[in-house]
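Participant: Structure file data_25.txt (compact mmCIF, C-alpha atoms) is given on the next line.
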```txt
# COMPACT_ATOMS: atom_id res chain seq x y z
CA MET A 91 0.00 0.00 0.00
CA ILE A 92 1.06 3.61 -0.11
CA LYS A 93 0.62 6.51 2.30
CA GLY A 94 -0.99 9.68 1.09
CA ARG A 95 -2.85 12.79 2.15
CA VAL A 96 -6.33 13.76 0.98
CA LYS A 97 -6.22 16.98 -1.07
CA GLY A 98 -9.72 17.29 -2.50
CA LYS A 99 -12.63 15.63 -4.19
CA ILE A 100 -13.72 15.17 -7.78
CA TRP A 101 -17.16 14.98 -9.33
CA SER A 102 -18.10 13.06 -12.44
CA SER A 103 -21.73 13.16 -13.54
CA ARG A 104 -21.05 11.45 -16.89
CA HIS A 105 -19.44 8.09 -16.12
CA VAL A 106 -19.63 4.39 -16.96
CA ASP A 107 -22.62 2.83 -15.22
CA THR A 108 -20.52 0.39 -13.21
CA LEU A 109 -18.64 3.16 -11.38
CA PRO A 110 -19.91 2.81 -7.80
CA GLY A 111 -21.60 5.75 -6.11
CA GLY A 112 -19.45 7.31 -3.40
CA ALA A 113 -16.64 9.77 -2.84
CA LEU A 114 -13.70 9.96 -5.24
CA LEU A 115 -10.86 11.70 -3.43
CA GLU A 116 -7.66 13.19 -4.80
CA VAL A 117 -4.75 11.86 -2.75
CA GLU A 118 -1.17 13.17 -2.81
CA ILE A 119 1.48 10.51 -2.39
CA ASP A 120 4.87 11.19 -0.79
CA GLY A 121 6.95 12.60 -3.64
CA GLY A 122 4.12 14.68 -5.04
CA ASP A 123 2.28 12.37 -7.44
CA ARG A 124 -1.49 12.33 -7.16
CA LEU A 125 -4.12 9.68 -7.71
CA ILE A 126 -7.88 9.42 -7.37
CA ALA A 127 -9.09 6.82 -4.85
CA PHE A 128 -12.54 5.61 -3.86
CA ASP A 129 -13.23 6.45 -0.22
CA PRO A 130 -15.54 4.14 1.75
CA LEU A 131 -14.54 5.75 5.10
CA GLY A 132 -15.62 9.41 4.81
CA CYS A 133 -12.14 10.94 5.07
CA ASP A 134 -11.51 14.67 5.40
CA THR A 135 -9.20 16.97 3.51
CA GLU A 136 -5.59 16.70 4.80
CA GLU A 137 -6.33 13.35 6.48
CA ALA A 138 -3.45 10.82 6.19
CA VAL A 139 -4.66 7.68 4.47
CA LEU A 140 -3.51 4.23 3.36
CA VAL A 141 -4.29 3.40 -0.30
CA THR A 142 -4.41 -0.01 -2.03
CA GLN A 143 -4.07 -0.14 -5.82
CA GLY A 144 -4.88 -2.41 -8.74
CA SER A 145 -7.21 -5.38 -8.97
CA VAL A 146 -6.99 -5.73 -5.19
CA ALA A 147 -8.95 -2.46 -4.89
CA ALA A 148 -11.65 -3.68 -7.29
CA ALA A 149 -12.04 -6.94 -5.34
CA TYR A 150 -13.43 -4.89 -2.44
CA PHE A 151 -16.54 -4.21 -4.52
CA ILE A 152 -17.00 -7.78 -5.76
CA ASP A 153 -17.31 -8.92 -2.13
CA ARG A 154 -19.95 -6.31 -1.42
CA THR A 155 -22.01 -6.08 -4.59
CA ASP A 156 -21.21 -9.27 -6.50
CA ARG A 157 -20.20 -7.23 -9.52
CA THR A 158 -16.88 -5.81 -10.58
CA ALA A 159 -16.22 -2.09 -10.33
CA PRO A 160 -13.78 -0.17 -12.55
CA VAL A 161 -11.91 1.17 -9.50
CA ASP A 162 -8.14 0.62 -9.20
CA ALA A 163 -7.43 2.65 -6.02
CA LEU A 164 -9.16 2.34 -2.65
CA ILE A 165 -8.63 4.08 0.68
CA VAL A 166 -8.40 1.13 3.11
CA GLY A 167 -7.57 3.01 6.29
CA SER A 168 -7.05 6.34 7.99
CA ILE A 169 -3.54 6.52 9.49
CA ASP A 170 -3.48 7.36 13.22
CA GLU A 171 0.19 7.29 13.84
CA THR A 172 3.53 6.28 12.35
CA SER A 173 6.53 5.09 14.34
CA GLY A 174 10.09 4.95 13.02
CA LYS A 175 12.04 7.32 10.86
CA MET B 267 -7.51 6.08 -10.87
CA ILE B 268 -5.63 8.95 -12.46
CA LYS B 269 -6.76 12.30 -13.86
CA GLY B 270 -5.83 13.21 -17.38
CA ARG B 271 -6.76 15.33 -20.35
CA VAL B 272 -7.71 14.03 -23.79
CA LYS B 273 -5.12 15.09 -26.39
CA GLY B 274 -6.11 13.16 -29.52
CA LYS B 275 -7.14 9.87 -31.01
CA ILE B 276 -5.32 6.98 -32.61
CA TRP B 277 -6.33 4.64 -35.41
CA SER B 278 -5.22 1.06 -35.82
CA SER B 279 -6.57 -0.89 -38.78
CA ARG B 280 -4.25 -3.87 -38.25
CA HIS B 281 -4.89 -5.17 -34.73
CA VAL B 282 -5.55 -8.36 -32.77
CA ASP B 283 -9.13 -9.51 -33.35
CA THR B 284 -10.10 -9.22 -29.68
CA LEU B 285 -9.42 -5.46 -29.56
CA PRO B 286 -12.93 -4.01 -29.12
CA GLY B 287 -14.27 -1.54 -31.67
CA GLY B 288 -14.46 2.00 -30.28
CA ALA B 289 -12.39 5.10 -29.70
CA LEU B 290 -8.79 4.86 -28.49
CA LEU B 291 -7.86 8.24 -27.03
CA GLU B 292 -4.46 9.63 -26.16
CA VAL B 293 -4.62 11.02 -22.61
CA GLU B 294 -2.00 13.22 -20.96
CA ILE B 295 -1.54 12.58 -17.26
CA ASP B 296 -0.47 15.29 -14.80
CA GLY B 297 3.32 15.34 -15.13
CA GLY B 298 3.30 14.90 -18.89
CA ASP B 299 3.22 11.13 -19.44
CA ARG B 300 0.73 9.87 -22.00
CA LEU B 301 -1.29 6.70 -22.32
CA ILE B 302 -3.90 5.33 -24.70
CA ALA B 303 -7.28 4.59 -23.13
CA PHE B 304 -10.47 3.06 -24.49
CA ASP B 305 -13.30 5.61 -24.37
CA PRO B 306 -16.87 4.34 -23.94
CA LEU B 307 -18.20 7.86 -23.23
CA GLY B 308 -17.50 9.87 -26.39
CA CYS B 309 -15.10 12.38 -24.83
CA ASP B 310 -13.80 15.43 -26.65
CA THR B 311 -10.28 16.76 -27.08
CA GLU B 312 -9.14 18.69 -23.96
CA GLU B 313 -11.86 17.06 -21.82
CA ALA B 314 -10.71 16.18 -18.27
CA VAL B 315 -11.16 12.47 -17.65
CA LEU B 316 -10.74 9.79 -15.00
CA VAL B 317 -8.79 6.71 -16.15
CA THR B 318 -8.67 3.22 -14.59
CA GLN B 319 -5.74 0.95 -15.45
CA GLY B 320 -4.79 -2.72 -15.48
CA SER B 321 -6.97 -5.81 -15.30
CA VAL B 322 -9.72 -3.68 -13.76
CA ALA B 323 -10.10 -1.92 -17.13
CA ALA B 324 -10.35 -5.23 -19.01
CA ALA B 325 -13.04 -6.49 -16.60
CA TYR B 326 -15.36 -3.79 -18.00
CA PHE B 327 -15.51 -5.72 -21.28
CA ILE B 328 -16.00 -9.15 -19.70
CA ASP B 329 -19.20 -7.87 -18.06
CA ARG B 330 -20.51 -6.58 -21.39
CA THR B 331 -19.35 -9.11 -23.96
CA ASP B 332 -18.47 -12.22 -21.97
CA ARG B 333 -15.01 -12.22 -23.48
CA THR B 334 -11.77 -10.65 -22.36
CA ALA B 335 -10.39 -7.64 -24.18
CA PRO B 336 -6.68 -6.74 -24.37
CA VAL B 337 -7.36 -3.27 -22.96
CA ASP B 338 -5.49 -2.07 -19.86
CA ALA B 339 -6.73 1.54 -19.66
CA LEU B 340 -10.35 2.74 -19.63
CA ILE B 341 -11.93 6.17 -19.34
CA VAL B 342 -14.49 5.66 -16.55
CA GLY B 343 -15.73 9.23 -16.18
CA SER B 344 -15.60 12.78 -17.40
CA ILE B 345 -14.54 15.12 -14.59
CA ASP B 346 -16.97 17.99 -13.91
CA GLU B 347 -15.21 19.68 -11.10
CA THR B 348 -12.43 19.29 -8.56
CA SER B 349 -12.46 20.77 -5.08
CA GLY B 350 -9.40 21.20 -2.89
CA LYS B 351 -5.87 22.25 -3.68
CA MET C 156 -2.16 0.99 -23.39
CA ILE C 157 1.03 2.74 -24.39
CA LYS C 158 2.42 3.83 -27.75
CA GLY C 159 5.85 2.67 -28.77
CA ARG C 160 8.14 2.02 -31.70
CA VAL C 161 9.68 -1.34 -32.60
CA LYS C 162 13.47 -1.20 -32.26
CA GLY C 163 14.56 -4.82 -32.68
CA LYS C 164 14.01 -8.44 -31.79
CA ILE C 165 15.36 -10.76 -29.16
CA TRP C 166 16.05 -14.49 -29.25
CA SER C 167 15.90 -16.85 -26.30
CA SER C 168 16.64 -20.51 -26.95
CA ARG C 169 16.73 -21.44 -23.25
CA HIS C 170 13.34 -20.45 -21.78
CA VAL C 171 10.50 -21.76 -19.62
CA ASP C 172 8.41 -24.24 -21.60
CA THR C 173 5.22 -22.17 -21.32
CA LEU C 174 6.73 -19.19 -23.20
CA PRO C 175 4.75 -19.19 -26.46
CA GLY C 176 6.60 -19.47 -29.76
CA GLY C 177 6.57 -16.23 -31.72
CA ALA C 178 8.37 -12.93 -32.06
CA LEU C 179 9.58 -11.03 -28.99
CA LEU C 180 10.14 -7.44 -30.03
CA GLU C 181 11.98 -4.67 -28.24
CA VAL C 182 9.74 -1.60 -28.13
CA GLU C 183 10.79 1.92 -27.17
CA ILE C 184 8.17 3.88 -25.30
CA ASP C 185 7.86 7.66 -25.52
CA GLY C 186 10.39 8.90 -22.97
CA GLY C 187 13.00 6.32 -23.88
CA ASP C 188 12.18 3.29 -21.69
CA ARG C 189 12.15 -0.07 -23.44
CA LEU C 190 10.17 -3.23 -22.94
CA ILE C 191 9.91 -6.61 -24.65
CA ALA C 192 6.47 -7.42 -26.09
CA PHE C 193 5.07 -10.50 -27.79
CA ASP C 194 4.08 -9.66 -31.36
CA PRO C 195 1.21 -11.61 -32.93
CA LEU C 196 0.98 -9.20 -35.89
CA GLY C 197 4.36 -9.46 -37.65
CA CYS C 198 5.44 -5.85 -37.08
CA ASP C 199 8.53 -4.33 -38.68
CA THR C 200 11.38 -2.35 -37.18
CA GLU C 201 10.41 1.31 -36.63
CA GLU C 202 6.67 0.47 -36.85
CA ALA C 203 4.50 2.43 -34.38
CA VAL C 204 2.60 0.02 -32.15
CA LEU C 205 0.07 -0.10 -29.32
CA VAL C 206 1.12 -2.25 -26.34
CA THR C 207 -1.04 -3.72 -23.55
CA GLN C 208 0.64 -4.76 -20.30
CA GLY C 209 0.09 -7.00 -17.30
CA SER C 210 -2.34 -9.88 -16.82
CA VAL C 211 -4.45 -8.46 -19.65
CA ALA C 212 -1.66 -9.40 -22.07
CA ALA C 213 -1.48 -12.96 -20.72
CA ALA C 214 -5.26 -13.38 -21.08
CA TYR C 215 -4.80 -13.17 -24.87
CA PHE C 216 -3.08 -16.57 -24.75
CA ILE C 217 -5.62 -18.23 -22.45
CA ASP C 218 -8.34 -17.50 -25.01
CA ARG C 219 -6.30 -19.09 -27.79
CA THR C 220 -4.51 -22.00 -26.15
CA ASP C 221 -6.40 -22.67 -22.94
CA ARG C 222 -3.20 -22.32 -20.97
CA THR C 223 -1.59 -19.34 -19.32
CA ALA C 224 1.54 -17.81 -20.83
CA PRO C 225 4.20 -15.93 -18.83
CA VAL C 226 3.85 -12.88 -21.10
CA ASP C 227 3.09 -9.46 -19.56
CA ALA C 228 3.31 -7.26 -22.68
CA LEU C 229 1.49 -7.74 -25.99
CA ILE C 230 1.40 -5.71 -29.19
CA VAL C 231 -2.34 -5.33 -29.83
CA GLY C 232 -2.26 -3.04 -32.84
CA SER C 233 -0.16 -1.24 -35.40
CA ILE C 234 -0.85 2.50 -35.27
CA ASP C 235 -1.91 4.04 -38.61
CA GLU C 236 -2.39 7.57 -37.57
CA THR C 237 -2.68 9.88 -34.58
CA SER C 238 -4.77 13.02 -34.44
CA GLY C 239 -4.41 15.78 -31.88
CA LYS C 240 -1.36 17.36 -30.33
CA MET D 209 9.97 -8.85 -5.81
CA ILE D 210 11.86 -5.90 -4.43
CA LYS D 211 14.38 -5.54 -1.60
CA GLY D 212 13.71 -3.05 1.13
CA ARG D 213 14.48 -2.11 4.69
CA VAL D 214 11.91 -1.77 7.48
CA LYS D 215 11.72 1.83 8.71
CA GLY D 216 8.70 1.87 11.02
CA LYS D 217 5.12 0.85 11.62
CA ILE D 218 1.77 2.48 11.03
CA TRP D 219 -1.47 2.25 12.96
CA SER D 220 -4.95 2.59 11.52
CA SER D 221 -7.88 2.22 13.89
CA ARG D 222 -10.47 3.36 11.31
CA HIS D 223 -10.19 1.00 8.34
CA VAL D 224 -12.27 -1.12 5.97
CA ASP D 225 -13.43 -4.28 7.74
CA THR D 226 -11.62 -6.61 5.35
CA LEU D 227 -8.16 -5.23 6.22
CA PRO D 228 -6.54 -8.16 8.04
CA GLY D 229 -5.29 -7.69 11.61
CA GLY D 230 -1.50 -7.65 11.81
CA ALA D 231 1.50 -5.39 11.42
CA LEU D 232 1.66 -2.81 8.64
CA LEU D 233 5.31 -1.84 8.18
CA GLU D 234 6.81 1.09 6.32
CA VAL D 235 9.53 -0.24 4.01
CA GLU D 236 12.12 1.84 2.18
CA ILE D 237 13.05 0.53 -1.24
CA ASP D 238 16.49 1.06 -2.80
CA GLY D 239 16.26 4.51 -4.35
CA GLY D 240 14.32 5.99 -1.45
CA ASP D 241 10.66 5.30 -2.26
CA ARG D 242 8.55 3.93 0.57
CA LEU D 243 5.60 1.58 0.70
CA ILE D 244 3.47 0.00 3.39
CA ALA D 245 3.56 -3.81 3.48
CA PHE D 246 1.73 -6.37 5.58
CA ASP D 247 4.20 -8.32 7.73
CA PRO D 248 3.34 -11.92 8.63
CA LEU D 249 6.90 -12.61 9.90
CA GLY D 250 7.38 -10.19 12.81
CA CYS D 251 10.22 -8.19 11.27
CA ASP D 252 12.22 -5.59 13.18
CA THR D 253 13.13 -2.04 12.30
CA GLU D 254 16.14 -1.91 9.92
CA GLU D 255 15.64 -5.57 8.93
CA ALA D 256 16.24 -6.26 5.20
CA VAL D 257 13.13 -7.75 3.64
CA LEU D 258 11.77 -9.11 0.37
CA VAL D 259 8.42 -7.61 -0.70
CA THR D 260 5.86 -8.95 -3.21
CA GLN D 261 3.34 -6.51 -4.72
CA GLY D 262 -0.04 -6.51 -6.42
CA SER D 263 -2.71 -9.19 -6.58
CA VAL D 264 -0.03 -11.77 -5.78
CA ALA D 265 0.19 -10.26 -2.27
CA ALA D 266 -3.58 -10.46 -1.78
CA ALA D 267 -3.64 -14.11 -2.87
CA TYR D 268 -1.66 -14.96 0.28
CA PHE D 269 -4.76 -14.12 2.33
CA ILE D 270 -7.24 -16.01 0.11
CA ASP D 271 -5.28 -19.22 0.77
CA ARG D 272 -5.40 -18.67 4.51
CA THR D 273 -8.81 -17.13 5.17
CA ASP D 274 -10.86 -17.90 2.07
CA ARG D 275 -11.61 -14.23 1.65
CA THR D 276 -9.84 -11.51 -0.26
CA ALA D 277 -7.90 -8.83 1.59
CA PRO D 278 -7.29 -5.29 0.30
CA VAL D 279 -3.51 -5.70 0.67
CA ASP D 280 -1.22 -5.11 -2.31
CA ALA D 281 2.20 -5.48 -0.63
CA LEU D 282 3.42 -8.39 1.50
CA ILE D 283 6.73 -9.12 3.19
CA VAL D 284 7.50 -12.67 1.99
CA GLY D 285 10.94 -13.10 3.49
CA SER D 286 13.68 -11.68 5.66
CA ILE D 287 16.93 -11.41 3.69
CA ASP D 288 19.92 -13.19 5.30
CA GLU D 289 22.54 -12.48 2.76
CA THR D 290 23.15 -11.20 -0.76
CA SER D 291 25.93 -12.33 -3.06
CA GLY D 292 27.08 -10.49 -6.16
CA LYS D 293 27.60 -6.82 -6.79
CA MET E 40 8.63 -8.24 -20.26
CA ILE E 41 11.83 -6.44 -19.44
CA LYS E 42 15.48 -7.20 -20.18
CA GLY E 43 17.94 -7.36 -17.33
CA ARG E 44 21.27 -8.75 -16.22
CA VAL E 45 21.79 -11.09 -13.26
CA LYS E 46 23.88 -9.40 -10.57
CA GLY E 47 23.70 -11.79 -7.62
CA LYS E 48 21.58 -14.02 -5.44
CA ILE E 49 19.75 -13.56 -2.19
CA TRP E 50 19.07 -15.99 0.63
CA SER E 51 16.06 -15.92 2.94
CA SER E 52 15.83 -18.61 5.60
CA ARG E 53 12.87 -16.98 7.39
CA HIS E 54 10.08 -16.66 4.82
CA VAL E 55 6.35 -17.29 4.33
CA ASP E 56 5.75 -21.01 3.81
CA THR E 57 4.28 -20.55 0.33
CA LEU E 58 7.51 -19.05 -1.08
CA PRO E 59 8.70 -21.76 -3.49
CA GLY E 60 12.15 -23.29 -3.01
CA GLY E 61 14.59 -22.22 -5.71
CA ALA E 62 16.95 -19.42 -6.65
CA LEU E 63 16.05 -15.78 -6.06
CA LEU E 64 18.27 -13.66 -8.26
CA GLU E 65 18.96 -9.94 -8.17
CA VAL E 66 18.47 -8.55 -11.68
CA GLU E 67 19.51 -5.10 -12.87
CA ILE E 68 17.17 -3.56 -15.40
CA ASP E 69 18.34 -1.13 -18.10
CA GLY E 70 18.40 2.22 -16.32
CA GLY E 71 19.82 0.80 -13.09
CA ASP E 72 16.77 -0.30 -11.08
CA ARG E 73 16.99 -3.73 -9.50
CA LEU E 74 14.43 -6.40 -8.72
CA ILE E 75 14.46 -9.91 -7.28
CA ALA E 76 13.18 -12.61 -9.64
CA PHE E 77 12.61 -16.33 -9.21
CA ASP E 78 14.89 -18.27 -11.54
CA PRO E 79 13.69 -21.66 -12.82
CA LEU E 80 16.49 -21.83 -15.43
CA GLY E 81 19.73 -21.84 -13.43
CA CYS E 82 21.09 -18.55 -14.77
CA ASP E 83 24.63 -17.31 -14.07
CA THR E 84 25.85 -13.96 -12.84
CA GLU E 85 26.03 -11.40 -15.70
CA GLU E 86 23.67 -13.50 -17.86
CA ALA E 87 21.15 -11.43 -19.87
CA VAL E 88 17.62 -12.47 -18.99
CA LEU E 89 13.99 -11.78 -19.82
CA VAL E 90 11.75 -11.10 -16.79
CA THR E 91 7.94 -11.24 -16.53
CA GLN E 92 6.25 -9.36 -13.67
CA GLY E 93 3.00 -9.34 -11.71
CA SER E 94 0.29 -11.97 -11.43
CA VAL E 95 1.53 -13.44 -14.71
CA ALA E 96 4.70 -14.54 -12.89
CA ALA E 97 2.69 -16.18 -10.08
CA ALA E 98 0.56 -18.09 -12.60
CA TYR E 99 3.68 -20.07 -13.57
CA PHE E 100 3.54 -21.76 -10.17
CA ILE E 101 -0.20 -22.46 -10.20
CA ASP E 102 0.26 -24.52 -13.37
CA ARG E 103 3.03 -26.56 -11.79
CA THR E 104 2.01 -26.96 -8.16
CA ASP E 105 -1.71 -26.18 -8.08
CA ARG E 106 -1.12 -23.55 -5.43
CA THR E 107 -0.40 -19.87 -5.67
CA ALA E 108 3.07 -18.54 -4.89
CA PRO E 109 3.82 -15.03 -3.60
CA VAL E 110 6.22 -14.38 -6.48
CA ASP E 111 5.71 -11.34 -8.73
CA ALA E 112 8.83 -11.59 -10.93
CA LEU E 113 10.00 -14.61 -12.93
CA ILE E 114 12.93 -15.17 -15.28
CA VAL E 115 11.24 -16.64 -18.36
CA GLY E 116 14.24 -16.84 -20.69
CA SER E 117 17.93 -16.35 -21.14
CA ILE E 118 18.61 -13.88 -23.96
CA ASP E 119 20.90 -15.21 -26.74
CA GLU E 120 20.95 -12.26 -29.00
CA THR E 121 19.30 -8.94 -29.75
CA SER E 122 18.91 -7.42 -33.19
CA GLY E 123 18.11 -3.81 -33.89
CA LYS E 124 19.35 -0.65 -32.26
```
Would you put the structure from the file into structure tokens?
Facilitator:
Amino acid sequence: MIKGRVKGKIWSSRHVDTLPGGALLEVEIDGGDRLIAFDPLGCDTEEAVLVTQGSVAAAYFIDRTDRTAPVDALIVGSIDETSGK
Amino acid sequence: MIKGRVKGKIWSSRHVDTLPGGALLEVEIDGGDRLIAFDPLGCDTEEAVLVTQGSVAAAYFIDRTDRTAPVDALIVGSIDETSGK
Amino acid sequence: MIKGRVKGKIWSSRHVDTLPGGALLEVEIDGGDRLIAFDPLGCDTEEAVLVTQGSVAAAYFIDRTDRTAPVDALIVGSIDETSGK
Amino acid sequence: MIKGRVKGKIWSSRHVDTLPGGALLEVEIDGGDRLIAFDPLGCDTEEAVLVTQGSVAAAYFIDRTDRTAPVDALIVGSIDETSGK
Amino acid sequence: MIKGRVKGKIWSSRHVDTLPGGALLEVEIDGGDRLIAFDPLGCDTEEAVLVTQGSVAAAYFIDRTDRTAPVDALIVGSIDETSGK
């Protein structure tokens, strides 16, 4: 997974019909790259989050809805704390 | 997913027979890299789009046609608006 | 998918037995990186091609031979023309 | 796989319910990039580890729990020694 | 696939039990990045090799052992010769 920070939200009214309803957040990864992740947790701007990518992210929706979703990035947790250096 | 902007279209008359018919758009990602994505939405040049990559993109075609498609990038939405910074 | 240009061919006589017979071409991606892709189309040197990567590329072989192939990059089309900028 | 070195640990009390219980370690890859990997081995800070990424990492959990896990990076081994240059 | 050159070997005595027995080689990719790939071919140091990545690499083990392996990089061939430029 990768660590990132929520920077904003995007809206898409014209989309493929299998895109699940819910928040699509813009997340900045360490280093400055950005990606758009589906957020099932209701995260706030500037919250530190843990993001899973690829088919692993889509599998989250198969478990819940029995259909695939065209989502390749998922916020799987809000990060409380980090130890180490 | 990643955000990008449609920059043009490509044509391929000689292709593998499982490549689905439809528009193949050239999309520029933030940072300048480009990829070619299948467009099921009819997007225009300079439109801001949301792109899903990898096997998640191919799964879109399995749902619709019951066969796999050799497509690893799919436009899943047109972006209306972005909040945040 | 990504656009690239065929730069040469590689030969491997000692390989895993599930590697399918056929041409393995060296393709240069915009930016200068190179990858090796399986070519089912008989492309020439300097031809502009469209390449699909990952498990999506391997799925092409499952459809045809009913067995998996350890191939993660596939030329899916020869590019005729590109519009846009 | 990639080689890395354990740099710390993260905690997430608010997470999707399919995230497996266990240690989530921050691993620094050669070159300086960092990722968060699930650790089934009990690795220590500064330990050299081998990390597998993508759906291959998630498959580890399907074998054990018969359910998918939204984990795309897994520590598969602690590195004893490296030969070569 | 990508071309690389074998640079050494790694040993891991403490590993997840599904990691298959066999050689884990350090391979340097053009550009200088390194990855660790499973070697079913008995390659030597400085040998030029062809590497497949991702779930495609893991599928090699499912065919042979009927169980998944947490391996996301596999040497699929030794490169004899390269034409082109």
Participant: Quick one: contact table of chain D to chain E, 12 Å max, nearest atom pair and distance in Å to one decimal per residue, counting all atoms listed in the file, chain and number order, as a tab-separated table?
Facilitator:
```
residue	atom	partner	partner_atom	distance
D:Met209	CA	E:Ile75	CA	4.8
D:Ile210	CA	E:Leu74	CA	5.0
D:Lys211	CA	E:Ile75	CA	7.2
D:Gly212	CA	E:Leu74	CA	10.4
D:Ile237	CA	E:Arg73	CA	10.1
D:Asp238	CA	E:Arg73	CA	8.3
D:Gly239	CA	E:Asp72	CA	8.3
D:Gly240	CA	E:Asp72	CA	11.8
D:Phe246	CA	E:Val55	CA	11.9
D:Asp247	CA	E:Val55	CA	9.8
D:Pro248	CA	E:Val55	CA	7.5
D:Leu249	CA	E:His54	CA	7.2
D:Gly250	CA	E:Arg53	CA	10.3
D:Cys251	CA	E:Arg53	CA	10.0
D:Glu255	CA	E:Arg53	CA	11.8
D:Ala256	CA	E:Ser51	CA	9.9
D:Val257	CA	E:Ser51	CA	8.7
D:Leu258	CA	E:Ile75	CA	8.1
D:Val259	CA	E:Val110	CA	9.2
D:Thr260	CA	E:Asp111	CA	6.0
D:Gln261	CA	E:Asp111	CA	6.7
D:Gly262	CA	E:Gly93	CA	6.7
D:Ser263	CA	E:Ser94	CA	6.3
D:Val264	CA	E:Pro109	CA	5.5
D:Ala265	CA	E:Pro109	CA	6.1
D:Ala266	CA	E:Pro109	CA	8.9
D:Ala267	CA	E:Thr107	CA	7.2
D:Tyr268	CA	E:Pro109	CA	6.7
D:Phe269	CA	E:Pro109	CA	10.5
D:Ile270	CA	E:Thr107	CA	9.8
D:Asp271	CA	E:Thr107	CA	8.1
D:Arg272	CA	E:Thr57	CA	10.7
D:Asp280	CA	E:Gly93	CA	11.1
D:Ala281	CA	E:Pro109	CA	10.1
D:Leu282	CA	E:Pro109	CA	8.4
D:Ile283	CA	E:Val55	CA	8.3
D:Val284	CA	E:Val55	CA	5.3
D:Gly285	CA	E:His54	CA	3.9
D:Ser286	CA	E:Ser51	CA	5.6
D:Ile287	CA	E:Ser51	CA	4.7
D:Asp288	CA	E:Ser51	CA	5.3
D:Glu289	CA	E:Trp50	CA	5.4
D:Thr290	CA	E:Ile49	CA	4.4
D:Ser291	CA	E:Gly47	CA	5.1
D:Gly292	CA	E:Gly47	CA	3.9
D:Lys293	CA	E:Lys46	CA	5.9
```
Participant: Restrict the selected residues to C-alpha atoms and save them as an mmCIF file, in the coordinates of the input.
Facilitator:
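The resulting file, part07.cif, is shown below:
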```cif
data_model
loop_
_atom_site.group_PDB
_atom_site.id
_atom_site.type_symbol
_atom_site.label_atom_id
_atom_site.label_comp_id
_atom_site.auth_asym_id
_atom_site.auth_seq_id
_atom_site.Cartn_x
_atom_site.Cartn_y
_atom_site.Cartn_z
ATOM 1 C CA MET D 209 9.970 -8.850 -5.810
ATOM 2 C CA ILE D 210 11.860 -5.900 -4.430
ATOM 3 C CA LYS D 211 14.380 -5.540 -1.600
ATOM 4 C CA GLY D 212 13.710 -3.050 1.130
ATOM 5 C CA ILE D 237 13.050 0.530 -1.240
ATOM 6 C CA ASP D 238 16.490 1.060 -2.800
ATOM 7 C CA GLY D 239 16.260 4.510 -4.350
ATOM 8 C CA GLY D 240 14.320 5.990 -1.450
ATOM 9 C CA PHE D 246 1.730 -6.370 5.580
ATOM 10 C CA ASP D 247 4.200 -8.320 7.730
ATOM 11 C CA PRO D 248 3.340 -11.920 8.630
ATOM 12 C CA LEU D 249 6.900 -12.610 9.900
ATOM 13 C CA GLY D 250 7.380 -10.190 12.810
ATOM 14 C CA CYS D 251 10.220 -8.190 11.270
ATOM 15 C CA GLU D 255 15.640 -5.570 8.930
ATOM 16 C CA ALA D 256 16.240 -6.260 5.200
ATOM 17 C CA VAL D 257 13.130 -7.750 3.640
ATOM 18 C CA LEU D 258 11.770 -9.110 0.370
ATOM 19 C CA VAL D 259 8.420 -7.610 -0.700
ATOM 20 C CA THR D 260 5.860 -8.950 -3.210
ATOM 21 C CA GLN D 261 3.340 -6.510 -4.720
ATOM 22 C CA GLY D 262 -0.040 -6.510 -6.420
ATOM 23 C CA SER D 263 -2.710 -9.190 -6.580
ATOM 24 C CA VAL D 264 -0.030 -11.770 -5.780
ATOM 25 C CA ALA D 265 0.190 -10.260 -2.270
ATOM 26 C CA ALA D 266 -3.580 -10.460 -1.780
ATOM 27 C CA ALA D 267 -3.640 -14.110 -2.870
ATOM 28 C CA TYR D 268 -1.660 -14.960 0.280
ATOM 29 C CA PHE D 269 -4.760 -14.120 2.330
ATOM 30 C CA ILE D 270 -7.240 -16.010 0.110
ATOM 31 C CA ASP D 271 -5.280 -19.220 0.770
ATOM 32 C CA ARG D 272 -5.400 -18.670 4.510
ATOM 33 C CA ASP D 280 -1.220 -5.110 -2.310
ATOM 34 C CA ALA D 281 2.200 -5.480 -0.630
ATOM 35 C CA LEU D 282 3.420 -8.390 1.500
ATOM 36 C CA ILE D 283 6.730 -9.120 3.190
ATOM 37 C CA VAL D 284 7.500 -12.670 1.990
ATOM 38 C CA GLY D 285 10.940 -13.100 3.490
ATOM 39 C CA SER D 286 13.680 -11.680 5.660
ATOM 40 C CA ILE D 287 16.930 -11.410 3.690
ATOM 41 C CA ASP D 288 19.920 -13.190 5.300
ATOM 42 C CA GLU D 289 22.540 -12.480 2.760
ATOM 43 C CA THR D 290 23.150 -11.200 -0.760
ATOM 44 C CA SER D 291 25.930 -12.330 -3.060
ATOM 45 C CA GLY D 292 27.080 -10.490 -6.160
ATOM 46 C CA LYS D 293 27.600 -6.820 -6.790
#
```
Participant: How many Å separate CA of Asp274 (chain D) from CA of Asp156 (chain A)?
Facilitator: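 CA of Asp274 (chain D) sits 16.0 Å away from CA of Asp156 (chain A).
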Participant: Output, as AutoDock Vina command-line options, the centre and edge lengths in Å (one decimal) of the axis-aligned box that contains all listed atoms of region 233-243 of chain D with 8 Å of margin on each side.
Facilitator:
```
--center_x 10.9 --center_y 2.1 --center_z 1.9 --size_x 27.2 --size_y 23.8 --size_z 28.5
```
Participant: Any idea what the distance is between CA of Asp134 (chain A) and CA of Ala113 (chain A)?
Facilitator: 10.9 Å
Participant: Separation of CA of Glu118 (chain A) and CA of Val293 (chain B), in Å?
Facilitator: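 Interatomic distance, CA of Glu118 (chain A) to CA of Val293 (chain B): 20.2 Å.
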